[in-house]
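Structure file structure.pdb; described as PDB, C-alpha atoms.
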```
ATOM      1  CA  MET A  20       8.114   1.976  18.427  1.00  0.00           C
ATOM      2  CA  GLN A  21       6.902   1.489  14.860  1.00  0.00           C
ATOM      3  CA  ASN A  22       4.261   3.126  12.670  1.00  0.00           C
ATOM      4  CA  ILE A  23       3.602   0.369  10.126  1.00  0.00           C
ATOM      5  CA  VAL A  24       0.445  -0.249   8.104  1.00  0.00           C
ATOM      6  CA  ILE A  25      -0.223  -3.097   5.670  1.00  0.00           C
ATOM      7  CA  LEU A  26      -3.536  -3.013   3.792  1.00  0.00           C
ATOM      8  CA  ALA A  27      -4.837  -5.317   1.066  1.00  0.00           C
ATOM      9  CA  GLY A  28      -7.896  -4.147  -0.822  1.00  0.00           C
ATOM     10  CA  ASN A  29      -9.512  -2.802  -3.966  1.00  0.00           C
ATOM     11  CA  ILE A  30      -8.870   0.624  -5.449  1.00  0.00           C
ATOM     12  CA  GLY A  31     -12.086   2.641  -5.275  1.00  0.00           C
ATOM     13  CA  GLN A  32     -11.362   5.238  -7.951  1.00  0.00           C
ATOM     14  CA  LYS A  33      -8.773   6.044 -10.596  1.00  0.00           C
ATOM     15  CA  PRO A  34      -5.710   7.524  -8.828  1.00  0.00           C
ATOM     16  CA  GLU A  35      -5.377  11.310  -9.104  1.00  0.00           C
ATOM     17  CA  THR A  36      -2.022  13.089  -9.343  1.00  0.00           C
ATOM     18  CA  ARG A  37      -1.120  16.682  -8.599  1.00  0.00           C
ATOM     19  CA  THR A  38       2.175  18.553  -8.419  1.00  0.00           C
ATOM     20  CA  THR A  39       3.097  20.931  -5.601  1.00  0.00           C
ATOM     21  CA  GLN A  40       4.712  24.320  -6.233  1.00  0.00           C
ATOM     22  CA  GLY A  41       7.995  22.724  -5.154  1.00  0.00           C
ATOM     23  CA  GLY A  42       7.703  20.083  -7.907  1.00  0.00           C
ATOM     24  CA  THR A  43       6.704  17.105  -5.733  1.00  0.00           C
ATOM     25  CA  ASN A  44       4.261  14.722  -7.414  1.00  0.00           C
ATOM     26  CA  ILE A  45       1.499  13.488  -5.120  1.00  0.00           C
ATOM     27  CA  THR A  46      -0.878  10.692  -6.147  1.00  0.00           C
ATOM     28  CA  ASN A  47      -3.985   9.885  -4.100  1.00  0.00           C
ATOM     29  CA  PHE A  48      -6.452   7.025  -4.291  1.00  0.00           C
ATOM     30  CA  SER A  49      -9.039   5.389  -2.063  1.00  0.00           C
ATOM     31  CA  LEU A  50      -8.682   1.781  -0.953  1.00  0.00           C
ATOM     32  CA  ALA A  51     -11.532  -0.436   0.257  1.00  0.00           C
ATOM     33  CA  THR A  52     -10.832  -3.189   2.765  1.00  0.00           C
ATOM     34  CA  SER A  53     -13.481  -5.633   3.991  1.00  0.00           C
ATOM     35  CA  ARG A  54     -13.879  -7.975   6.904  1.00  0.00           C
ATOM     36  CA  PRO A  55     -16.690 -10.227   8.116  1.00  0.00           C
ATOM     37  CA  ARG A  56     -19.154  -8.626  10.546  1.00  0.00           C
ATOM     38  CA  LEU A  57     -19.131 -10.363  13.915  1.00  0.00           C
ATOM     39  CA  SER A  58     -21.826 -10.669  16.547  1.00  0.00           C
ATOM     40  CA  GLU A  59     -20.984 -12.299  19.869  1.00  0.00           C
ATOM     41  CA  GLY A  60     -17.846 -13.782  18.333  1.00  0.00           C
ATOM     42  CA  ARG A  61     -19.636 -15.348  15.362  1.00  0.00           C
ATOM     43  CA  VAL A  62     -19.687 -14.316  11.723  1.00  0.00           C
ATOM     44  CA  LEU A  63     -23.075 -12.875  10.719  1.00  0.00           C
ATOM     45  CA  ARG A  64     -24.747 -14.314   7.622  1.00  0.00           C
ATOM     46  CA  ASP A  65     -27.536 -12.903   5.473  1.00  0.00           C
ATOM     47  CA  GLU A  66     -30.771 -14.692   4.525  1.00  0.00           C
ATOM     48  CA  ASN A  67     -28.923 -16.479   1.657  1.00  0.00           C
ATOM     49  CA  GLY A  68     -26.141 -17.770   3.895  1.00  0.00           C
ATOM     50  CA  TYR A  69     -23.493 -15.317   2.664  1.00  0.00           C
ATOM     51  CA  ARG A  70     -21.210 -13.593   5.153  1.00  0.00           C
ATOM     52  CA  VAL A  71     -22.146  -9.979   5.945  1.00  0.00           C
ATOM     53  CA  MET A  72     -19.085  -7.831   5.269  1.00  0.00           C
ATOM     54  CA  ASP A  73     -18.079  -4.448   6.713  1.00  0.00           C
ATOM     55  CA  THR A  74     -16.101  -2.251   4.325  1.00  0.00           C
ATOM     56  CA  GLU A  75     -13.760   0.537   5.389  1.00  0.00           C
ATOM     57  CA  TRP A  76     -12.292   3.195   3.085  1.00  0.00           C
ATOM     58  CA  HIS A  77      -8.730   4.447   3.416  1.00  0.00           C
ATOM     59  CA  ARG A  78      -7.079   7.471   1.811  1.00  0.00           C
ATOM     60  CA  ILE A  79      -3.725   6.472   0.313  1.00  0.00           C
ATOM     61  CA  THR A  80      -1.028   9.005  -0.642  1.00  0.00           C
ATOM     62  CA  CYS A  81       2.014   8.182  -2.797  1.00  0.00           C
ATOM     63  CA  PHE A  82       4.893  10.514  -3.586  1.00  0.00           C
ATOM     64  CA  ASN A  83       7.125  11.019  -6.641  1.00  0.00           C
ATOM     65  CA  GLY A  84       8.212   7.776  -8.400  1.00  0.00           C
ATOM     66  CA  LEU A  85       5.809   5.509  -6.519  1.00  0.00           C
ATOM     67  CA  GLY A  86       2.982   7.911  -7.267  1.00  0.00           C
ATOM     68  CA  LYS A  87       3.894   7.952 -10.964  1.00  0.00           C
ATOM     69  CA  THR A  88       3.886   4.136 -11.129  1.00  0.00           C
ATOM     70  CA  VAL A  89       0.520   3.922  -9.362  1.00  0.00           C
ATOM     71  CA  ALA A  90      -1.010   6.601 -11.604  1.00  0.00           C
ATOM     72  CA  GLU A  91       0.224   4.859 -14.777  1.00  0.00           C
ATOM     73  CA  HIS A  92      -0.709   1.272 -13.903  1.00  0.00           C
ATOM     74  CA  CYS A  93      -3.606   1.314 -11.429  1.00  0.00           C
ATOM     75  CA  GLU A  94      -7.298   1.787 -12.001  1.00  0.00           C
ATOM     76  CA  LYS A  95     -10.584   1.390 -10.166  1.00  0.00           C
ATOM     77  CA  GLY A  96     -11.235  -2.161  -8.958  1.00  0.00           C
ATOM     78  CA  MET A  97      -7.616  -3.383  -8.965  1.00  0.00           C
ATOM     79  CA  LYS A  98      -6.412  -5.343  -5.960  1.00  0.00           C
ATOM     80  CA  VAL A  99      -3.285  -3.889  -4.319  1.00  0.00           C
ATOM     81  CA  LEU A 100      -1.201  -4.422  -1.201  1.00  0.00           C
ATOM     82  CA  VAL A 101      -0.076  -1.169   0.419  1.00  0.00           C
ATOM     83  CA  HIS A 102       2.814  -0.938   2.893  1.00  0.00           C
ATOM     84  CA  GLY A 103       3.115   2.409   4.620  1.00  0.00           C
ATOM     85  CA  ARG A 104       2.461   4.491   7.709  1.00  0.00           C
ATOM     86  CA  ILE A 105      -0.450   6.361   9.281  1.00  0.00           C
ATOM     87  CA  HIS A 106      -0.305  10.148   9.060  1.00  0.00           C
ATOM     88  CA  TYR A 107      -2.690  12.403  10.998  1.00  0.00           C
ATOM     89  CA  THR A 108      -3.323  16.029  10.085  1.00  0.00           C
ATOM     90  CA  LYS A 109      -5.082  18.875  11.858  1.00  0.00           C
ATOM     91  CA  TRP A 110      -6.297  22.116  10.316  1.00  0.00           C
ATOM     92  CA  ILE A 111      -8.755  24.906  10.996  1.00  0.00           C
ATOM     93  CA  ASP A 112     -11.629  25.185   8.507  1.00  0.00           C
ATOM     94  CA  SER A 113     -13.145  28.408   7.172  1.00  0.00           C
ATOM     95  CA  MET A 114     -15.585  28.503  10.101  1.00  0.00           C
ATOM     96  CA  GLY A 115     -12.716  28.365  12.632  1.00  0.00           C
ATOM     97  CA  ASN A 116     -13.373  24.750  13.670  1.00  0.00           C
ATOM     98  CA  ASP A 117     -10.577  22.282  14.302  1.00  0.00           C
ATOM     99  CA  ARG A 118     -10.661  19.517  11.690  1.00  0.00           C
ATOM    100  CA  TYR A 119      -8.745  16.243  11.708  1.00  0.00           C
ATOM    101  CA  GLY A 120      -7.789  13.802   8.978  1.00  0.00           C
ATOM    102  CA  CYS A 121      -6.057  10.481   8.609  1.00  0.00           C
ATOM    103  CA  GLU A 122      -4.274   9.066   5.582  1.00  0.00           C
ATOM    104  CA  ILE A 123      -1.861   6.282   4.755  1.00  0.00           C
ATOM    105  CA  ILE A 124       1.484   7.403   3.328  1.00  0.00           C
ATOM    106  CA  ALA A 125       2.443   4.552   0.995  1.00  0.00           C
ATOM    107  CA  GLU A 126       6.048   3.426   0.915  1.00  0.00           C
ATOM    108  CA  LYS A 127       5.392   0.386  -1.306  1.00  0.00           C
ATOM    109  CA  VAL A 128       2.435  -0.723  -3.442  1.00  0.00           C
ATOM    110  CA  ASP A 129       2.256  -4.271  -4.800  1.00  0.00           C
ATOM    111  CA  PHE A 130      -0.193  -5.050  -7.612  1.00  0.00           C
ATOM    112  CA  LEU A 131      -2.246  -8.145  -6.783  1.00  0.00           C
ATOM    113  CA  SER A 132      -4.265  -8.014 -10.001  1.00  0.00           C
ATOM    114  CA  ARG A 133      -3.809  -6.652 -13.501  1.00  0.00           C
ATOM    115  CA  PRO A 134      -5.633  -3.621 -14.813  1.00  0.00           C
ATOM    116  CA  LYS A 135      -8.771  -4.626 -16.704  1.00  0.00           C
ATOM    117  CA  SER A 136      -7.265  -3.260 -19.931  1.00  0.00           C
ATOM    118  CA  ALA A 137      -4.317  -5.671 -19.603  1.00  0.00           C
ATOM    119  CA  GLU A 138      -6.464  -8.723 -18.795  1.00  0.00           C
ATOM    120  CA  ASN A 139      -7.763  -8.937 -22.374  1.00  0.00           C
ATOM    121  CA  GLU A 140      -4.353  -8.662 -24.016  1.00  0.00           C
ATOM    122  CA  ASN A 141      -2.813 -11.832 -25.410  1.00  0.00           C
ATOM    123  CA  PRO A 142       0.609 -12.556 -23.968  1.00  0.00           C
ATOM    124  CA  GLU A 143       3.335 -12.622 -26.587  1.00  0.00           C
ATOM    125  CA  LEU A 144       4.218 -16.195 -27.459  1.00  0.00           C
ATOM    126  CA  VAL A 145       7.933 -16.459 -28.145  1.00  0.00           C
ATOM    127  CA  ASP A 146       9.903 -19.555 -29.108  1.00  0.00           C
ATOM    128  CA  ARG A 147      12.901 -19.411 -26.792  1.00  0.00           C
ATOM    129  CA  ASP A 148      14.499 -22.715 -27.953  1.00  0.00           C
ATOM    130  CA  ASP A 149      16.957 -20.777 -30.121  1.00  0.00           C
ATOM    131  CA  GLU A 150      18.362 -19.027 -27.040  1.00  0.00           C
ATOM    132  CA  ILE A 151      19.397 -22.225 -25.220  1.00  0.00           C
ATOM    133  CA  PRO A 152      23.220 -22.496 -25.484  1.00  0.00           C
ATOM    134  CA  PHE A 153      23.403 -26.327 -25.549  1.00  0.00           C
TER     135      PHE A 153
END
```
Is it possible to express this structure as structure tokens?
Amino acid sequence: MQNIVILAGNIGQKPETRTTQGGTNITNFSLATSRPRLSEGRVLRDENGYRVMDTEWHRITCFNGLGKTVAEHCEKGMKVLVHGRIHYTKWIDSMGNDRYGCEIIAEKVDFLSRPKSAENENPELVDRDDEIPF
């Protein structure tokens, strides 16, 4: 039996980091994934011929080093690939009602796009001919 999740999508907000009393860093962000809306096995299209998309939002949680990397390099709108597992929680709210939640615990996050701030930077052009040994 395996609990494996792989999601590719866009970050919905700048990742937020907090530290527990025990010193564990926890970084959270929302991830939007989209898929075409189907009706009777066919993709629905709008009046302009574009596919109608359904978007789902996922809560992603990263711990320690992974969380630090995500917090430093990710921002709203970036495309990422998240490998992780589903984690369900249950708690009792202030009114005494049972509440349930679902999040993805990330084990690996791959960046599929650059942050917007890095897109405008010019890559350093270096002449590497001097380093060739022959």
**Request:** Identify, on the basis of all atoms listed in the file, every residue whose closest approach to stretch 99-112 of chain A does not exceed 10 Å; exclude the query and any residue fewer than 5 positions from it along the same chain; express the result as a ChimeraX atom specification.
**Result:** /A:21-30,50,79-81,93,117-133
Can you list, as a compact mmCIF listing (two decimals) with C-alpha atoms, in the frame of the given file, every protein, DNA or RNA residue that comes within 8 Å of A:Pro34 when you count all atoms listed in the file, leaving out same-chain residues fewer than 4 positions away?
```
# COMPACT_ATOMS: atom_id res chain seq x y z
CA THR A 46 -0.88 10.69 -6.15
CA ASN A 47 -3.98 9.88 -4.10
CA PHE A 48 -6.45 7.02 -4.29
CA SER A 49 -9.04 5.39 -2.06
CA VAL A 89 0.52 3.92 -9.36
CA ALA A 90 -1.01 6.60 -11.60
CA CYS A 93 -3.61 1.31 -11.43
CA GLU A 94 -7.30 1.79 -12.00
CA LYS A 95 -10.58 1.39 -10.17
```
**Prompt:** Could you name the residues that touch A:Arg70 at 9 Å or less, counting only C-alpha atoms, but leaving out those on the same chain fewer than 5 positions away, as JSON, numbers by chain?
**Reply:** {"A": [55, 56, 62, 63, 64, 65]}
**Request:** Record the distance separating atom CA of A:Gly96 and atom CA of A:Pro134, expressed in Å with one decimal.
**Result:**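 Distance reported for this atom pair: 8.2 Å.
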**Request:** Report the distance between atom CA of A:His77 and atom CA of A:Thr38 in Å, rounded to one decimal place.
**Result:** 21.4 Å
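Our summary of the geometry notes that atom CA of A:His92 is positioned 17.9 Å from atom CA of A:Ala51.
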**Asked** If the PyMOL selection byres ((chain A and resi 54) around 9) is run on the structure shown, which residues does it catch, given as a ChimeraX atom specification?
**Response** /A:52-53,55-56,71-75
**Complete:** Closest of A:Tyr69, A:Arg61, A:Arg78, A:Asn83 to A:Gly42, counting all atoms listed in the file, is A:Asn83
